[in-house]
Amino acid sequence: MSETSETFDPALTPSADAAPGTATALGPDAAEPDPRRWWSLVIIALAQLMIVLDITVVTIALPSAQADLHIAPADKQWVMTAYTLAFGGLLLLGGKIVDFVGRKNTLIIGLIGFAGASALGGASVTGGMLFGARAVQGTFGALLAPAALSLLTTTFTDPNERAKAFGVFGAIAGAGSAIGLILGGVITNYLTWRWTMYVNVIIAIIAVVGAVALVVDRAPRHAVRVDYLGTVLGCGGLLALVYGFTKAASDGWTNSTTLTLFAVAIVALALFAVVENHVSAPLLPPHIVAERNRGGSFALMALAALSMFGVFLFLTYYLQGIKGYSALRTGFAFLPMSATLIFVSVGIAARLLTKLPPRMLLVPGMLIAACGMAWMTRISVGGSYAAEVLPAEILLGIGFGLTFMPVFATATSGVAPQDAGVTSATLNTSQQVGGSIGTALLNTIAVSASASYIVSHRLPPAAVAQNPATEKTLSYQALLGEAQAQVHGYVLATWAAVGFLVLAAIVGGVLINAGPMSEENIQAGMGGGG
């Protein structure tokens, strides 16, 4: 056994949470159905909803939080990336902790930790305090997600009931984002951005009480080996990469600190790949990634998320900062894309996937999304939502709707039972890590482009134009120029996102060659899309 892994071996005795008369040594399928299983689904769904809501709720509230805490433009992306990086980077480790600590115990710990981090975030007095709270949220989210999914699998033993439960779980994963957009707008508009954090405390308290009273952990805990070195190298390398993009925005691409961070990221991630091929219990088993269709699915998901997360951030700032939308109106402005994505994914892609190979859906999907992103580059200071934003949202919804279902189904198709959990976690990790890198990279491009525009047009520095003490003394032309500089940055970053979506289409077309999917694989795709 490698020196980088350590074995935990808890006593494999019947759990106190086991149903009376149930032998925990037996698999969950051999146990009698839990009479409280549908109430357990409510609690599990509530935990999943909290995770999904958190990203979109905070996105809508971010402009208000940035103004309140005086967060620099180059640093605002940390509100998003601190969460997604911790969540995605620790998700595989979280799955191992679930096996060691127990599903119910991990769910409760995750809920309490998430609530505590949310309370800290809501009370933030500096940007750094908010970034730290978001990172802690992501850490406990990495415990919550695998615990919820594992409990769902072990609680529902009948195949038909399990399919219904996964349907509910998948619907929450899909609709949660749309709910978050509206909820974020309502909270920010009528309360304060801080309540987008505090609302998690309320949800978590209800979920903890329900978990203690209703959720039963019917599966035994297992001995697990933790790949500490792989965890440190993987997470450390990603953190250095994201921080490098941030420093590039503020200090320049050739700054010594920026270059050092990129070098550390390359070395750490290269060592991570080497370590994973040599340890006995790797954090990311190489054979999971090496299979052609799964590897292609992971790469495509990372590229799609890289493009999507960053542009959503820009669109929020464009609607609120340039067009003057309220947080609530901004939330509603995003709805056409969310509604289209859900309709196309469930109503069209899921049906065509049994008749067509996945790449016949996801390659056109990525190209349609690229067209939508290209349309988004038409935004201007004086443009209209109906002409410049709405058509782009519809195209993006169609494109991502055609893509996500086939990607999830392809990644989980033909996976050995012992690899099912790590495969699903790896796909979600690809999504979160891709989103983290994309938000940091595209924000860096936007901030750098805006700064260059300001210099070339001899405009007042952004810090002066955005300062309430000096804003009123600036001429209309100067303020218009500042707005044009911001839009110029958004447009260039969006063009970069177009390129990544085209690359995703190429990756999907070259690597993914699976045939039409079975209904079972499609159902797994619907449940695994959190």
# chains A, B, ... in the order shown; residues from 1 in each chain; ligands from 1

call {"tool": "residues_around", "arguments": {"residues": "Ser430 (chain A)", "least_positions_apart": "2", "cutoff": "8 Å", "atoms": "only C-alpha atoms", "output": "PyMOL selection string"}}
result
chain A and resi 88+298-299+301-302+426-428+432-434

call {"tool": "write_last_selection", "arguments": {"atoms": "N, CA, C and O atoms", "output": "JSON list (two decimals), in the first residue's frame"}}
result
[["chain", "number", "residue", "atom", "x", "y", "z"],
["A", 88, "GLY", "N", -16.11, 21.47, -5.87],
["A", 88, "GLY", "CA", -15.65, 20.53, -6.87],
["A", 88, "GLY", "C", -14.38, 19.82, -6.49],
["A", 88, "GLY", "O", -14.23, 18.62, -6.71],
["A", 298, "PHE", "N", -16.33, 14.07, -19.40],
["A", 298, "PHE", "CA", -15.75, 14.94, -18.37],
["A", 298, "PHE", "C", -15.17, 16.21, -18.99],
["A", 298, "PHE", "O", -15.38, 17.32, -18.48],
["A", 299, "ALA", "N", -14.43, 16.05, -20.10],
["A", 299, "ALA", "CA", -13.81, 17.20, -20.75],
["A", 299, "ALA", "C", -14.86, 18.16, -21.30],
["A", 299, "ALA", "O", -14.75, 19.38, -21.15],
["A", 301, "MET", "N", -17.98, 18.52, -20.29],
["A", 301, "MET", "CA", -18.69, 19.18, -19.20],
["A", 301, "MET", "C", -17.86, 20.32, -18.62],
["A", 301, "MET", "O", -18.39, 21.40, -18.32],
["A", 302, "ALA", "N", -16.55, 20.10, -18.47],
["A", 302, "ALA", "CA", -15.68, 21.15, -17.93],
["A", 302, "ALA", "C", -15.66, 22.36, -18.86],
["A", 302, "ALA", "O", -15.74, 23.51, -18.40],
["A", 426, "THR", "N", -17.06, 12.49, -10.27],
["A", 426, "THR", "CA", -16.07, 13.08, -11.17],
["A", 426, "THR", "C", -16.72, 14.00, -12.19],
["A", 426, "THR", "O", -16.19, 15.05, -12.54],
["A", 427, "LEU", "N", -17.90, 13.61, -12.68],
["A", 427, "LEU", "CA", -18.61, 14.46, -13.64],
["A", 427, "LEU", "C", -19.03, 15.77, -12.98],
["A", 427, "LEU", "O", -18.89, 16.85, -13.57],
["A", 428, "ASN", "N", -19.54, 15.69, -11.76],
["A", 428, "ASN", "CA", -19.91, 16.91, -11.04],
["A", 428, "ASN", "C", -18.68, 17.75, -10.71],
["A", 428, "ASN", "O", -18.73, 18.98, -10.73],
["A", 432, "GLN", "N", -17.97, 21.70, -11.65],
["A", 432, "GLN", "CA", -17.65, 22.75, -10.69],
["A", 432, "GLN", "C", -16.27, 23.33, -10.91],
["A", 432, "GLN", "O", -16.08, 24.55, -10.84],
["A", 433, "VAL", "N", -15.29, 22.47, -11.17],
["A", 433, "VAL", "CA", -13.93, 22.96, -11.40],
["A", 433, "VAL", "C", -13.86, 23.74, -12.70],
["A", 433, "VAL", "O", -13.21, 24.80, -12.77],
["A", 434, "GLY", "N", -14.54, 23.25, -13.76],
["A", 434, "GLY", "CA", -14.58, 24.00, -15.00],
["A", 434, "GLY", "C", -15.20, 25.38, -14.79],
["A", 434, "GLY", "O", -14.72, 26.38, -15.32]]

call {"tool": "residues_around", "arguments": {"residues": "Gly116 (chain A)", "least_positions_apart": "2", "cutoff": "10 Å", "atoms": "only C-alpha atoms", "output": "ChimeraX atom specification"}}
result
/A:110-114,118-122,133,136-137,140,197-198,200-201,204

call {"tool": "write_last_selection", "arguments": {"atoms": "N, CA and C atoms", "output": "mmCIF file, in the first residue's frame"}}
result
data_model
loop_
_atom_site.group_PDB
_atom_site.id
_atom_site.type_symbol
_atom_site.label_atom_id
_atom_site.label_comp_id
_atom_site.auth_asym_id
_atom_site.auth_seq_id
_atom_site.Cartn_x
_atom_site.Cartn_y
_atom_site.Cartn_z
ATOM 1 N N GLY A 110 -22.823 17.947 7.362
ATOM 2 C CA GLY A 110 -22.794 18.865 6.233
ATOM 3 C C GLY A 110 -23.799 19.991 6.361
ATOM 4 N N LEU A 111 -25.003 19.655 6.811
ATOM 5 C CA LEU A 111 -26.035 20.687 6.980
ATOM 6 C C LEU A 111 -25.638 21.706 8.037
ATOM 7 N N ILE A 112 -25.130 21.232 9.175
ATOM 8 C CA ILE A 112 -24.730 22.139 10.254
ATOM 9 C C ILE A 112 -23.567 23.019 9.807
ATOM 10 N N GLY A 113 -22.567 22.414 9.154
ATOM 11 C CA GLY A 113 -21.425 23.194 8.679
ATOM 12 C C GLY A 113 -21.817 24.211 7.627
ATOM 13 N N PHE A 114 -22.696 23.814 6.708
ATOM 14 C CA PHE A 114 -23.154 24.727 5.661
ATOM 15 C C PHE A 114 -23.909 25.905 6.274
ATOM 16 N N SER A 118 -22.832 29.815 6.176
ATOM 17 C CA SER A 118 -23.784 30.788 5.624
ATOM 18 C C SER A 118 -24.006 31.946 6.586
ATOM 19 N N ALA A 119 -24.098 31.633 7.880
ATOM 20 C CA ALA A 119 -24.254 32.693 8.881
ATOM 21 C C ALA A 119 -23.037 33.602 8.890
ATOM 22 N N LEU A 120 -21.853 33.005 8.768
ATOM 23 C CA LEU A 120 -20.618 33.791 8.721
ATOM 24 C C LEU A 120 -20.592 34.670 7.485
ATOM 25 N N GLY A 121 -21.013 34.110 6.343
ATOM 26 C CA GLY A 121 -21.044 34.896 5.119
ATOM 27 C C GLY A 121 -22.013 36.061 5.195
ATOM 28 N N GLY A 122 -23.171 35.827 5.789
ATOM 29 C CA GLY A 122 -24.146 36.898 5.927
ATOM 30 C C GLY A 122 -23.673 38.024 6.826
ATOM 31 N N ALA A 133 -16.004 32.438 3.891
ATOM 32 C CA ALA A 133 -17.268 31.775 4.211
ATOM 33 C C ALA A 133 -17.770 30.954 3.033
ATOM 34 N N VAL A 136 -15.867 27.710 2.852
ATOM 35 C CA VAL A 136 -16.338 26.750 3.859
ATOM 36 C C VAL A 136 -17.683 26.167 3.432
ATOM 37 N N GLN A 137 -18.540 27.001 2.847
ATOM 38 C CA GLN A 137 -19.802 26.488 2.292
ATOM 39 C C GLN A 137 -19.534 25.383 1.269
ATOM 40 N N PHE A 140 -18.405 22.034 2.945
ATOM 41 C CA PHE A 140 -19.499 21.238 3.511
ATOM 42 C C PHE A 140 -20.491 20.802 2.433
ATOM 43 N N MET A 197 -27.546 34.590 2.197
ATOM 44 C CA MET A 197 -26.752 33.684 3.028
ATOM 45 C C MET A 197 -27.586 33.139 4.187
ATOM 46 N N TYR A 198 -28.271 34.035 4.868
ATOM 47 C CA TYR A 198 -29.016 33.635 6.068
ATOM 48 C C TYR A 198 -30.143 32.647 5.766
ATOM 49 N N ASN A 200 -30.073 30.067 4.064
ATOM 50 C CA ASN A 200 -29.573 28.692 4.189
ATOM 51 C C ASN A 200 -29.646 28.183 5.625
ATOM 52 N N VAL A 201 -29.502 29.099 6.579
ATOM 53 C CA VAL A 201 -29.569 28.702 7.996
ATOM 54 C C VAL A 201 -30.968 28.171 8.310
ATOM 55 N N ALA A 204 -31.415 24.789 6.593
ATOM 56 C CA ALA A 204 -30.598 23.763 7.239
ATOM 57 C C ALA A 204 -31.189 23.321 8.578
#

call {"tool": "residues_around", "arguments": {"residues": "Thr84 (chain A)", "least_positions_apart": "2", "cutoff": "10 Å", "atoms": "only C-alpha atoms", "output": "list in words"}}
result
Ile55, Trp78, Val79, Met80, Thr81, Ala82, Ala86, Phe87, Gly88, Gly89, Leu90, Arg134, Ala135, Gln137, Gly138, Thr139, Gly141, Ala142, Thr429, Gln431, Gln432, Val433, Gly434, Gly435, Ser436, Ile437 and Thr439 of chain A

call {"tool": "select_by_dssp", "arguments": {"residues": "region 140-379 of chain A", "states": "alpha helix (DSSP H)", "output": "PyMOL selection string"}}
result
chain A and resi 140-155+159-190+195-214+228-251+256-276+286-290+292-317+327-343+350-352+359-376

call {"tool": "residues_around", "arguments": {"residues": "Tyr243 (chain A)", "least_positions_apart": "6", "cutoff": "12 Å", "atoms": "only C-alpha atoms", "output": "ChimeraX atom specification"}}
result
/A:74-75,77-78,81-82,85,236-237,249-251,257-265,436-437,439-441,443-444

call {"tool": "write_last_selection", "arguments": {"atoms": "N, CA, C and O atoms", "output": "short mmCIF file (atom, residue, chain, number, x, y, z; two decimals), in the first residue's frame"}}
result
data_model
loop_
_atom_site.label_atom_id
_atom_site.label_comp_id
_atom_site.auth_asym_id
_atom_site.auth_seq_id
_atom_site.Cartn_x
_atom_site.Cartn_y
_atom_site.Cartn_z
N ALA A 74 -11.54 42.92 -9.95
CA ALA A 74 -10.77 41.71 -10.24
C ALA A 74 -11.02 40.60 -9.22
O ALA A 74 -10.78 39.43 -9.51
N ASP A 75 -11.52 40.98 -8.04
CA ASP A 75 -11.71 40.00 -6.97
C ASP A 75 -13.14 39.49 -6.84
O ASP A 75 -13.38 38.54 -6.10
N GLN A 77 -14.99 37.73 -8.61
CA GLN A 77 -15.23 36.35 -9.01
C GLN A 77 -14.98 35.36 -7.88
O GLN A 77 -15.47 34.22 -7.92
N TRP A 78 -14.22 35.78 -6.82
CA TRP A 78 -13.94 34.87 -5.71
C TRP A 78 -15.21 34.50 -4.95
O TRP A 78 -15.26 33.45 -4.30
N THR A 81 -16.03 31.55 -7.23
CA THR A 81 -15.02 30.50 -7.37
C THR A 81 -14.59 29.90 -6.03
O THR A 81 -14.21 28.73 -5.98
N ALA A 82 -14.64 30.66 -4.96
CA ALA A 82 -14.29 30.10 -3.65
C ALA A 82 -15.23 28.94 -3.31
O ALA A 82 -14.81 27.92 -2.75
N LEU A 85 -14.83 26.02 -6.33
CA LEU A 85 -13.54 25.36 -6.27
C LEU A 85 -13.46 24.39 -5.09
O LEU A 85 -12.99 23.25 -5.22
N GLY A 236 -4.68 22.06 -4.33
CA GLY A 236 -3.69 23.12 -4.32
C GLY A 236 -3.37 23.62 -5.72
O GLY A 236 -3.22 24.84 -5.94
N GLY A 237 -3.26 22.70 -6.68
CA GLY A 237 -2.98 23.10 -8.04
C GLY A 237 -4.10 23.93 -8.64
O GLY A 237 -3.85 24.94 -9.30
N ALA A 249 -5.35 39.67 -13.58
CA ALA A 249 -6.27 40.79 -13.79
C ALA A 249 -5.82 42.05 -13.08
O ALA A 249 -5.96 43.16 -13.59
N SER A 250 -5.25 41.88 -11.88
CA SER A 250 -4.86 43.05 -11.08
C SER A 250 -3.43 43.50 -11.32
O SER A 250 -3.13 44.69 -11.30
N ASP A 251 -2.51 42.53 -11.56
CA ASP A 251 -1.08 42.87 -11.66
C ASP A 251 -0.47 42.61 -13.03
O ASP A 251 0.69 42.95 -13.27
N THR A 257 4.57 37.29 -9.53
CA THR A 257 3.66 36.51 -8.69
C THR A 257 2.69 35.70 -9.55
O THR A 257 2.43 34.52 -9.28
N THR A 258 2.19 36.33 -10.60
CA THR A 258 1.27 35.64 -11.51
C THR A 258 1.95 34.43 -12.14
O THR A 258 1.39 33.31 -12.15
N LEU A 259 3.15 34.63 -12.65
CA LEU A 259 3.87 33.54 -13.30
C LEU A 259 4.23 32.43 -12.32
O LEU A 259 4.17 31.24 -12.66
N THR A 260 4.56 32.81 -11.09
CA THR A 260 4.89 31.82 -10.06
C THR A 260 3.66 30.95 -9.75
O THR A 260 3.76 29.73 -9.61
N LEU A 261 2.51 31.59 -9.63
CA LEU A 261 1.28 30.85 -9.34
C LEU A 261 0.95 29.87 -10.46
O LEU A 261 0.56 28.72 -10.21
N PHE A 262 1.11 30.29 -11.70
CA PHE A 262 0.85 29.39 -12.83
C PHE A 262 1.84 28.22 -12.83
O PHE A 262 1.46 27.08 -13.14
N ALA A 263 3.09 28.51 -12.50
CA ALA A 263 4.10 27.44 -12.45
C ALA A 263 3.77 26.44 -11.36
O ALA A 263 3.86 25.22 -11.56
N VAL A 264 3.37 26.94 -10.19
CA VAL A 264 2.97 26.06 -9.09
C VAL A 264 1.78 25.20 -9.50
O VAL A 264 1.74 23.99 -9.21
N ALA A 265 0.83 25.80 -10.18
CA ALA A 265 -0.36 25.06 -10.63
C ALA A 265 0.03 23.93 -11.58
O ALA A 265 -0.45 22.79 -11.44
N SER A 436 -15.23 27.07 -12.00
CA SER A 436 -14.29 27.89 -11.21
C SER A 436 -13.23 28.52 -12.10
O SER A 436 -12.96 29.73 -12.03
N ILE A 437 -12.62 27.68 -12.94
CA ILE A 437 -11.58 28.19 -13.83
C ILE A 437 -12.15 29.18 -14.83
O ILE A 437 -11.57 30.23 -15.10
N THR A 439 -14.87 31.12 -14.55
CA THR A 439 -15.22 32.40 -13.91
C THR A 439 -13.98 33.24 -13.70
O THR A 439 -13.97 34.45 -13.97
N ALA A 440 -12.90 32.61 -13.22
CA ALA A 440 -11.66 33.35 -12.97
C ALA A 440 -11.02 33.83 -14.28
O ALA A 440 -10.62 35.00 -14.40
N LEU A 441 -10.94 32.94 -15.26
CA LEU A 441 -10.30 33.29 -16.53
C LEU A 441 -11.07 34.36 -17.28
O LEU A 441 -10.50 35.37 -17.72
N ASN A 443 -13.33 36.44 -16.15
CA ASN A 443 -13.34 37.71 -15.41
C ASN A 443 -12.02 38.45 -15.61
O ASN A 443 -12.00 39.68 -15.74
N THR A 444 -10.92 37.71 -15.64
CA THR A 444 -9.62 38.33 -15.88
C THR A 444 -9.58 38.98 -17.27
O THR A 444 -9.11 40.11 -17.43
#

call {"tool": "residues_around", "arguments": {"residues": "Val502 (chain A)", "least_positions_apart": "5", "cutoff": "9 Å", "atoms": "only C-alpha atoms", "output": "list of chain:residue names"}}
result
A:Val363, A:Met366, A:Leu367, A:Ala369, A:Ala370, A:Ala497, A:Val507

call {"tool": "residues_around", "arguments": {"residues": "Ala268 (chain A)", "least_positions_apart": "6", "cutoff": "12 Å", "atoms": "only C-alpha atoms", "output": "ChimeraX atom specification"}}
result
/A:229-241,261-262,274-275

call {"tool": "closest_residue", "arguments": {"among": "A:Asp227, A:Gly128, A:Leu362, A:Arg103", "to": "Ala148 (chain A)", "atoms": "only C-alpha atoms"}}
result
A:Arg103

call {"tool": "atom_distance", "arguments": {"atom1": "CA of Met360 (chain A)", "atom2": "CA of Thr340 (chain A)"}}
result
19.4 Å
